[in-house]
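What follows is a single structure, written as structure tokens, with notes after it.
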Amino acid sequence: MKIFVTVCECNSVTAAAEKLYLAQPSVSLAIRELEEYYGIQLFDRISRKMLITEAGKMFLDYAIHIVDSFDAMEKEIRNWDSMGTMRVGSSITIGNFLLIRYVKEFREKYPHIKVTVTIQNSEEIEKRIMDNDIDFGLIEGVIHNNHIVSEKFMEDELVFVCGKGHALAESRVIQASQLSQWDFILRERGSGGRELFESALLTHNIEIAPIWESVSTQAIIKAVMEGLGLSVLPFELVKEELRKGNLIRLQIEEISLRRYFYIIYHKNKLLTHSAKEFITLCKKREIIA
């Protein structure tokens, strides 16, 4: 299985053989033996190219996590009292206002564990879970793959905001049907918040085309403060500007954007003791008001 995973990673038998310090025929034989044992074809061999089949893709999903579980067992059993590494993925929102204190608290309790962090949008974190690039993730979106387990750990709310000089700043309340009349500045597609907002609009048969899209929440906040458009952002990320009066919170009738944050991991992932401890730490946090 490790040979098969390496062939998929390298997209070449020759490159995989070099990486594993094996002879090329040995690698080819290992692939054939897997195909014969499971009675499936893992690759289509076309014009000297190896193209993974649909059955191969399914097999790869399991193989990645079986190999990882074996490697984790080897490391845990052989070096149970030595330093280890825990790979955490986080959506941008959670990374901005929660993850730092989570990691700090965890490191105070487990100083021998090295924590590496990847911050991307929820869609990318889900992909990295499937590719086994991270051990688990913290996201605000809903998962799209039935191989991933998700557990709620915190409630949050998205809020509509505009700049203090915006035309809507005085009214504070608008109808959902009026939303398409205004310019919006939103996070990029793949963001959990963006997905929730668009789903809410869909239930009211409303479509909007944002004039700006950005992976940077801070860039969006500044643009809204300058009066360039409306936005929908996590309350925790805008509460300070709301308090200062630089942003104005709007109430949109008939639309509520309360949501949950989720801990996600692959169903075949062997979570280490330290990973379970980190997840427990996240679940102990109070609900966001």
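Each chain in the structure tokens gets a letter, A, B and so on, in the order shown; residues start at 1 in every chain, and ligands are counted from 1 in the order they appear.
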Contact residues around segment 62-70 of chain A with only C-alpha atoms at 7 Å, ignoring same-chain residues under 2 positions, as an MDAnalysis selection string: chainID A and resid 1:2 5 58:60 72:74 132 268:270
Could you take the residues named above and write them with N, CA, C and O atoms, as a compact mmCIF listing (two decimals), in the first residue's frame?
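Writing the result to out.txt gives the following:
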```txt
# COMPACT_ATOMS: atom_id res chain seq x y z
N MET A 1 0.82 -1.21 0.00
CA MET A 1 0.00 0.00 0.00
C MET A 1 0.86 1.26 0.00
O MET A 1 0.53 2.27 -0.64
N LYS A 2 1.97 1.21 0.74
CA LYS A 2 2.86 2.37 0.76
C LYS A 2 3.44 2.62 -0.63
O LYS A 2 3.58 3.77 -1.06
N VAL A 5 0.64 4.24 -2.74
CA VAL A 5 0.46 5.65 -2.37
C VAL A 5 1.58 6.50 -2.96
O VAL A 5 1.35 7.59 -3.49
N MET A 58 -10.70 5.29 -5.02
CA MET A 58 -11.33 4.81 -3.78
C MET A 58 -10.33 4.05 -2.93
O MET A 58 -10.25 4.22 -1.70
N PHE A 59 -9.53 3.22 -3.60
CA PHE A 59 -8.51 2.45 -2.88
C PHE A 59 -7.48 3.39 -2.26
O PHE A 59 -7.02 3.17 -1.13
N LEU A 60 -7.11 4.44 -2.98
CA LEU A 60 -6.12 5.40 -2.49
C LEU A 60 -6.59 6.07 -1.21
O LEU A 60 -5.81 6.29 -0.28
N ALA A 72 1.92 6.02 12.32
CA ALA A 72 1.63 6.60 13.64
C ALA A 72 1.86 5.58 14.74
O ALA A 72 2.39 5.89 15.81
N MET A 73 1.45 4.33 14.48
CA MET A 73 1.67 3.27 15.47
C MET A 73 3.15 3.06 15.71
O MET A 73 3.60 2.96 16.87
N GLU A 74 3.93 3.01 14.62
CA GLU A 74 5.37 2.83 14.76
C GLU A 74 5.98 3.93 15.62
O GLU A 74 6.80 3.69 16.50
N ASN A 132 -4.60 13.63 3.75
CA ASN A 132 -3.80 13.31 4.94
C ASN A 132 -2.63 14.28 5.13
O ASN A 132 -1.59 13.91 5.66
N ASN A 268 -11.14 7.21 8.89
CA ASN A 268 -10.13 6.16 9.05
C ASN A 268 -8.88 6.65 9.76
O ASN A 268 -7.90 5.93 9.88
N LYS A 269 -8.91 7.91 10.22
CA LYS A 269 -7.73 8.49 10.85
C LYS A 269 -7.56 7.97 12.27
O LYS A 269 -8.50 7.97 13.07
N LEU A 270 -6.35 7.54 12.58
CA LEU A 270 -6.02 7.14 13.94
C LEU A 270 -5.57 8.39 14.69
O LEU A 270 -4.45 8.87 14.49
```
Those in segment 108-248 of chain A with alpha helix (DSSP H) from DSSP, as a PyMOL selection string: chain A and resi 108-109+122-130+192-203+217-225+235-244
Just the number, please: distance in Å from atom CA of Lys49 of chain A to atom CA of Ser12 of chain A, one decimal.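 Between atom CA of Lys49 of chain A and atom CA of Ser12 of chain A the gap is 8.1 Å.
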At a cut-off of 9 Å, using only C-alpha atoms, what residues contact segment 195-202 of chain A? Leave out same-chain residues fewer than 2 positions from it and give the result as a ChimeraX atom specification. /A:141-142,158,176,189-193,204-208,232,255-257,259
Select from segment 34-112 of chain A every residue with an atom at most 12 Å from any atom of segment 279-285 of chain A, then for each give the shortest pair of atoms and their distance in Å to one decimal, using only C-alpha atoms, rows by chain and rising number, as JSON lines.
```
{"residue": "A:Met86", "atom": "CA", "partner": "A:Ile279", "partner_atom": "CA", "distance": 11.6}
{"residue": "A:Val88", "atom": "CA", "partner": "A:Ile279", "partner_atom": "CA", "distance": 10.3}
{"residue": "A:Ile94", "atom": "CA", "partner": "A:Cys282", "partner_atom": "CA", "distance": 11.2}
{"residue": "A:Leu98", "atom": "CA", "partner": "A:Cys282", "partner_atom": "CA", "distance": 9.1}
{"residue": "A:Leu99", "atom": "CA", "partner": "A:Cys282", "partner_atom": "CA", "distance": 9.1}
{"residue": "A:Ile100", "atom": "CA", "partner": "A:Cys282", "partner_atom": "CA", "distance": 11.6}
{"residue": "A:Arg101", "atom": "CA", "partner": "A:Cys282", "partner_atom": "CA", "distance": 10.0}
{"residue": "A:Tyr102", "atom": "CA", "partner": "A:Cys282", "partner_atom": "CA", "distance": 6.9}
{"residue": "A:Val103", "atom": "CA", "partner": "A:Leu281", "partner_atom": "CA", "distance": 9.6}
{"residue": "A:Lys104", "atom": "CA", "partner": "A:Leu281", "partner_atom": "CA", "distance": 11.2}
{"residue": "A:Glu105", "atom": "CA", "partner": "A:Leu281", "partner_atom": "CA", "distance": 8.4}
{"residue": "A:Phe106", "atom": "CA", "partner": "A:Leu281", "partner_atom": "CA", "distance": 7.7}
{"residue": "A:Arg107", "atom": "CA", "partner": "A:Leu281", "partner_atom": "CA", "distance": 11.5}
{"residue": "A:Lys109", "atom": "CA", "partner": "A:Leu281", "partner_atom": "CA", "distance": 10.7}
```
Could you go through segment 27-188 of chain A and tell me which residues DSSP, when run on the backbone, assigns to strand (DSSP E or B), listing them as a ChimeraX atom specification? /A:43-46,49-52,84-90,113-119,136-139,148-163,173-175,184-187
Which is closest to Lys222 of chain A among A:Ile148, A:Leu247, A:Ile263, A:Leu242, if we use only C-alpha atoms?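 That would be A:Leu247, the residue with the smallest distance to Lys222 of chain A.
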Residues near Asp61 of chain A, cut-off 9 Å, only C-alpha atoms, skip fewer than 6 positions along chain, as a PDB file with N, CA, C and O atoms, in the first residue's frame:
```pdb
ATOM      1  N   MET A 130      -8.571  14.913   3.425  1.00  0.00           N
ATOM      2  CA  MET A 130      -8.652  13.770   2.528  1.00  0.00           C
ATOM      3  C   MET A 130      -7.281  13.338   2.034  1.00  0.00           C
ATOM      4  O   MET A 130      -7.034  12.154   1.807  1.00  0.00           O
ATOM      5  N   ASP A 131      -6.371  14.300   1.860  1.00  0.00           N
ATOM      6  CA  ASP A 131      -5.018  13.997   1.381  1.00  0.00           C
ATOM      7  C   ASP A 131      -4.076  13.617   2.518  1.00  0.00           C
ATOM      8  O   ASP A 131      -2.895  13.332   2.274  1.00  0.00           O
ATOM      9  N   HIS A 147     -16.538  10.602   3.848  1.00  0.00           N
ATOM     10  CA  HIS A 147     -15.422   9.944   4.515  1.00  0.00           C
ATOM     11  C   HIS A 147     -14.912  10.770   5.703  1.00  0.00           C
ATOM     12  O   HIS A 147     -14.004  10.345   6.413  1.00  0.00           O
TER      13      HIS A 147
END
```
Min atom-atom distance to Ser216 of chain A from the set A:Glu108, A:Glu126, A:Glu188, A:Asp183, counting only C-alpha atoms, belongs to A:Glu188
Compare A:Gly137, A:Val159, A:Gly84, A:Thr14 by their minimum atom-to-atom distance to Pro111 of chain A, counting only C-alpha atoms, and give me the closest one.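 Using only C-alpha atoms, Pro111 of chain A sits closest to A:Gly84.
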To one decimal in Å, tell me the separation between atom CA of Glu155 of chain A and atom CA of Leu237 of chain A.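 That distance, rounded to one decimal, is 14.3 Å.
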Shell around Ala17 of chain A at 12 Å using only C-alpha atoms, local window under 2 positions removed, as a tab-separated table (two decimals) with C-alpha atoms, in the first residue's frame:
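In the end it all went to around-v1.tsv:
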```tsv
chain	number	residue	atom	x	y	z
A	2	LYS	CA	2.86	2.37	0.76
A	3	ILE	CA	4.29	1.69	-2.70
A	4	PHE	CA	0.87	2.35	-4.27
A	5	VAL	CA	0.46	5.65	-2.37
A	6	THR	CA	3.95	6.73	-3.43
A	7	VAL	CA	3.24	5.91	-7.09
A	8	CYS	CA	0.12	8.10	-6.89
A	9	GLU	CA	2.05	10.92	-5.22
A	10	CYS	CA	4.84	10.80	-7.79
A	11	ASN	CA	2.52	10.00	-10.71
A	12	SER	CA	5.25	7.67	-11.94
A	13	VAL	CA	6.56	4.17	-11.22
A	14	THR	CA	10.11	5.28	-11.94
A	15	ALA	CA	9.96	8.27	-9.61
A	19	LYS	CA	11.93	7.73	-3.76
A	20	LEU	CA	11.53	4.35	-2.05
A	21	TYR	CA	15.01	3.11	-3.04
A	22	LEU	CA	13.49	0.13	-4.82
A	23	ALA	CA	14.01	-1.38	-8.25
A	24	GLN	CA	11.38	-0.32	-10.78
A	25	PRO	CA	10.24	-3.93	-11.48
A	26	SER	CA	9.59	-4.37	-7.74
A	27	VAL	CA	7.29	-1.37	-7.72
A	28	SER	CA	5.42	-2.58	-10.81
A	29	LEU	CA	5.08	-6.04	-9.26
A	30	ALA	CA	3.63	-4.58	-6.06
A	31	ILE	CA	0.95	-2.73	-8.04
```
Considering only C-alpha atoms, state which residue in the set A:Tyr262, A:Trp212, A:Tyr110, A:Phe235 is at the smallest distance from Glu277 of chain A.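 Result for the nearest residue to Glu277 of chain A: A:Tyr110.
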Closest to Val238 of chain A among A:His166, A:Phe97, A:Gln175, A:Ala275, using only C-alpha atoms?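 Comparing A:His166, A:Phe97, A:Gln175, A:Ala275 against Val238 of chain A, the winner is A:Phe97.
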Using only C-alpha atoms, which protein or nucleic acid residues come within 8 Å of Val149 of chain A? Drop anything in the same chain fewer than 6 positions from it, and give the result as a list in words. Ile264, Tyr265, His266 and Lys267 of chain A
Do you have the atom CA of Pro210 of chain A-atom CA of Glu140 of chain A distance handy? 20.7 Å
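The closest residue to Asn246 of chain A, picked from A:Asn146, A:Ser180, A:Ser214, A:Gly163 and counting only C-alpha atoms, is A:Gly163.
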